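Just structure-v3.txt here, compact mmCIF, C-alpha atoms and all ligand atoms:
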```txt
# COMPACT_ATOMS: atom_id res chain seq x y z
CA MET U 1 44.96 -117.08 29.67
CA GLY U 2 48.13 -116.98 27.65
CA VAL U 3 50.31 -113.97 27.32
CA ILE U 4 50.12 -112.42 23.93
CA LYS U 5 53.55 -111.44 22.82
CA ILE U 6 53.49 -108.21 20.95
CA ARG U 7 56.51 -107.58 18.84
CA ILE U 8 57.63 -104.07 18.27
CA CYS U 9 59.85 -102.34 15.79
CA PRO U 10 63.04 -101.12 17.48
CA LEU U 11 63.28 -98.18 15.11
CA CYS U 12 59.67 -97.00 15.54
CA ASN U 13 60.06 -97.21 19.29
CA GLY U 14 63.41 -95.51 19.49
CA LEU U 15 65.15 -98.54 20.94
CA THR U 16 68.00 -98.46 18.51
CA GLU U 17 69.90 -96.13 16.27
CA ILE U 18 70.11 -96.75 12.60
CA THR U 19 73.25 -98.62 11.77
CA TYR U 20 72.34 -99.60 8.24
CA LYS U 21 74.48 -98.47 5.38
CA CYS U 22 73.72 -97.88 1.76
CA PRO U 23 74.42 -101.05 -0.22
CA ARG U 24 75.75 -98.95 -3.06
CA CYS U 25 78.00 -96.37 -1.45
CA ASN U 26 78.28 -97.49 2.19
CA VAL U 27 77.09 -94.16 3.54
CA PRO U 28 75.00 -94.37 6.75
CA LEU U 29 71.29 -94.22 5.97
CA LYS U 30 68.73 -91.99 7.63
CA ASP U 31 65.35 -93.22 8.79
CA ASN U 32 62.48 -91.62 6.93
CA GLY U 33 59.87 -93.58 8.83
CA ARG U 34 57.61 -96.51 8.24
CA ILE U 35 56.56 -97.12 4.71
CA GLU U 36 52.98 -97.56 5.91
CA ASP U 37 52.95 -93.89 6.81
CA PHE U 38 53.49 -93.09 3.18
CA LEU U 39 51.03 -95.63 1.88
CA ASP U 40 48.10 -94.83 4.14
CA ASP U 41 46.04 -93.31 1.38
CA TYR U 42 46.59 -96.24 -0.91
CA SER U 43 46.52 -99.22 1.41
CA PRO U 44 43.87 -98.87 4.09
CA TYR U 45 43.80 -102.64 4.43
CA LEU U 46 47.18 -102.54 6.11
CA GLN U 47 45.54 -101.03 9.17
CA GLN U 48 42.93 -103.73 9.57
CA ASP U 49 43.07 -106.24 12.40
CA LEU U 50 46.78 -105.89 12.83
CA PRO U 51 48.16 -105.06 16.25
CA ASN U 52 50.21 -101.91 15.81
CA GLY U 53 49.81 -102.26 12.09
CA TYR U 54 52.46 -104.91 11.66
CA ALA U 55 51.62 -107.40 8.97
CA GLY U 56 54.50 -109.77 9.49
CA SER U 57 57.72 -110.10 11.40
CA THR U 58 59.27 -107.01 9.95
CA CYS U 59 58.55 -103.31 9.80
CA THR U 60 59.38 -101.77 6.48
CA HIS U 61 61.10 -98.42 6.67
CA LEU U 62 62.24 -95.99 4.08
CA LEU U 63 65.90 -95.30 4.65
CA TYR U 64 67.33 -92.35 2.85
CA CYS U 65 70.85 -92.23 1.49
CA PRO U 66 72.09 -88.63 1.40
CA HIS U 67 74.77 -89.60 -1.08
CA CYS U 68 72.64 -91.39 -3.67
CA ARG U 69 69.66 -89.15 -2.80
CA GLU U 70 67.48 -92.19 -2.93
CA ASP U 71 65.12 -93.99 -0.60
CA HIS U 72 65.77 -97.63 0.10
CA ARG U 73 63.10 -99.95 1.42
CA TRP U 74 64.47 -101.76 4.42
CA GLU U 75 62.90 -104.62 6.34
CA ILE U 76 63.50 -104.03 10.03
CA PRO U 77 63.18 -107.21 12.10
CA LEU U 78 60.76 -106.83 15.01
CA VAL U 79 61.94 -107.60 18.52
ZN ZN U 101 59.33 -99.48 12.32
ZN ZN U 102 74.03 -94.46 -1.35
```

Take the structure in the file and write it out as structure tokens.
Ligand SMILES: [Zn+2]
Ligand SMILES: [Zn+2]
Amino acid sequence: MGVIKIRICPLCNGLTEITYKCPRCNVPLKDNGRIEDFLDDYSPYLQQDLPNGYAGSTCTHLLYCPHCREDHRWEIPLV
């Protein structure tokens, strides 16, 4: 009868604002969402048997830098 601890992504759940900055130009990055949302068609196995779809202890997001005009993969630690 243990309590299952479910970890959530603070970004997906709106608990925090993005404070990450581009490693190249130091411009604040914008959240483009979970990378799984982009990979759904290619990686159906990601959805299997995973509570909330989390495979590990991080949630990978695509963060967009408006200056570089590039997406960066960012591992967001779950809380
Ligand atoms: Zn997330
Ligand atoms: Zn940049």

- Message: Can you tell me which residues surround Thr19 (chain U) at a distance of at most 12 Å, considering only C-alpha atoms, apart from same-chain residues fewer than 6 positions away, and format the answer as a ChimeraX atom specification?
- Response: /U:10-11,26-31,63,74,76

- Message: Give me, as a ChimeraX atom specification, the set of residues whose atoms come within 12 Å of any atom of ligand ZN 102 (chain U), counting only C-alpha atoms and all ligand atoms.
- Response: /U:20-30,63-72

- Query: Counting all atoms listed in the file, which protein, DNA or RNA residues come within 10 Å of ligand ZN 101 (chain U), given as a PyMOL selection string?
  - Reply: chain U and resi 8-14+31+33-36+53-54+58-62+74-78

Kindly output region 27-38 of chain U as a short mmCIF file (atom, residue, chain, number, x, y, z; two decimals), in the frame of the given file, after building all heavy atoms.
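Result went into result_29.cif, see below:
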```cif
data_model
loop_
_atom_site.label_atom_id
_atom_site.label_comp_id
_atom_site.auth_asym_id
_atom_site.auth_seq_id
_atom_site.Cartn_x
_atom_site.Cartn_y
_atom_site.Cartn_z
N VAL U 27 77.34 -95.33 2.70
CA VAL U 27 77.09 -94.16 3.54
C VAL U 27 75.96 -94.51 4.52
O VAL U 27 75.02 -95.19 4.14
CB VAL U 27 76.69 -92.95 2.65
CG1 VAL U 27 75.98 -91.87 3.46
CG2 VAL U 27 77.92 -92.40 1.96
N PRO U 28 76.08 -94.09 5.78
CA PRO U 28 75.00 -94.37 6.75
C PRO U 28 73.67 -93.80 6.28
O PRO U 28 73.60 -92.66 5.83
CB PRO U 28 75.47 -93.67 8.02
CG PRO U 28 76.95 -93.55 7.87
CD PRO U 28 77.21 -93.39 6.40
N LEU U 29 72.62 -94.62 6.43
CA LEU U 29 71.29 -94.22 5.97
C LEU U 29 70.53 -93.52 7.07
O LEU U 29 70.77 -93.74 8.25
CB LEU U 29 70.51 -95.47 5.51
CG LEU U 29 71.11 -96.21 4.32
CD1 LEU U 29 70.44 -97.57 4.16
CD2 LEU U 29 70.95 -95.40 3.04
N LYS U 30 69.60 -92.68 6.67
CA LYS U 30 68.73 -91.99 7.63
C LYS U 30 67.33 -92.58 7.55
O LYS U 30 66.84 -92.88 6.47
CB LYS U 30 68.65 -90.50 7.29
CG LYS U 30 69.97 -89.80 7.41
CD LYS U 30 69.80 -88.34 7.06
CE LYS U 30 71.12 -87.62 7.23
NZ LYS U 30 70.99 -86.20 6.93
N ASP U 31 66.70 -92.67 8.74
CA ASP U 31 65.35 -93.22 8.79
C ASP U 31 64.33 -92.18 8.35
O ASP U 31 64.26 -91.09 8.92
CB ASP U 31 65.05 -93.68 10.22
CG ASP U 31 63.70 -94.39 10.31
OD1 ASP U 31 63.20 -94.84 9.27
OD2 ASP U 31 63.18 -94.51 11.43
N ASN U 32 63.56 -92.52 7.36
CA ASN U 32 62.48 -91.62 6.93
C ASN U 32 61.13 -92.09 7.42
O ASN U 32 60.10 -91.54 7.02
CB ASN U 32 62.46 -91.52 5.40
CG ASN U 32 63.27 -90.32 4.94
OD1 ASN U 32 63.81 -89.57 5.75
ND2 ASN U 32 63.37 -90.13 3.64
N GLY U 33 61.12 -93.13 8.24
CA GLY U 33 59.87 -93.58 8.83
C GLY U 33 59.33 -94.84 8.18
O GLY U 33 59.87 -95.35 7.21
N ARG U 34 58.24 -95.30 8.76
CA ARG U 34 57.61 -96.51 8.24
C ARG U 34 57.01 -96.26 6.88
O ARG U 34 56.44 -95.22 6.62
CB ARG U 34 56.50 -96.97 9.18
CG ARG U 34 56.99 -97.48 10.49
CD ARG U 34 55.80 -97.75 11.40
NE ARG U 34 54.96 -98.81 10.85
CZ ARG U 34 53.72 -99.04 11.26
NH1 ARG U 34 53.18 -98.28 12.18
NH2 ARG U 34 53.03 -100.01 10.73
N ILE U 35 57.11 -97.27 6.05
CA ILE U 35 56.56 -97.12 4.71
C ILE U 35 55.05 -97.04 4.76
O ILE U 35 54.42 -96.40 3.92
CB ILE U 35 57.03 -98.29 3.82
CG1 ILE U 35 56.83 -97.91 2.36
CG2 ILE U 35 56.33 -99.59 4.16
CD1 ILE U 35 57.73 -98.65 1.43
N GLU U 36 54.43 -97.63 5.78
CA GLU U 36 52.98 -97.56 5.91
C GLU U 36 52.51 -96.11 6.04
O GLU U 36 51.42 -95.76 5.61
CB GLU U 36 52.50 -98.36 7.14
CG GLU U 36 52.39 -99.85 6.90
CD GLU U 36 53.72 -100.55 7.12
OE1 GLU U 36 54.74 -99.84 7.30
OE2 GLU U 36 53.74 -101.78 7.10
N ASP U 37 53.35 -95.28 6.65
CA ASP U 37 52.95 -93.89 6.81
C ASP U 37 52.83 -93.18 5.47
O ASP U 37 52.12 -92.20 5.33
CB ASP U 37 53.97 -93.16 7.69
CG ASP U 37 53.95 -93.70 9.12
OD1 ASP U 37 52.94 -94.30 9.50
OD2 ASP U 37 54.95 -93.53 9.83
N PHE U 38 53.55 -93.69 4.50
CA PHE U 38 53.49 -93.09 3.18
C PHE U 38 52.39 -93.70 2.33
O PHE U 38 51.97 -93.12 1.36
CB PHE U 38 54.83 -93.27 2.45
CG PHE U 38 55.95 -92.54 3.10
CD1 PHE U 38 56.69 -93.14 4.10
CD2 PHE U 38 56.25 -91.24 2.74
CE1 PHE U 38 57.73 -92.46 4.72
CE2 PHE U 38 57.27 -90.55 3.35
CZ PHE U 38 58.01 -91.16 4.35
#
```
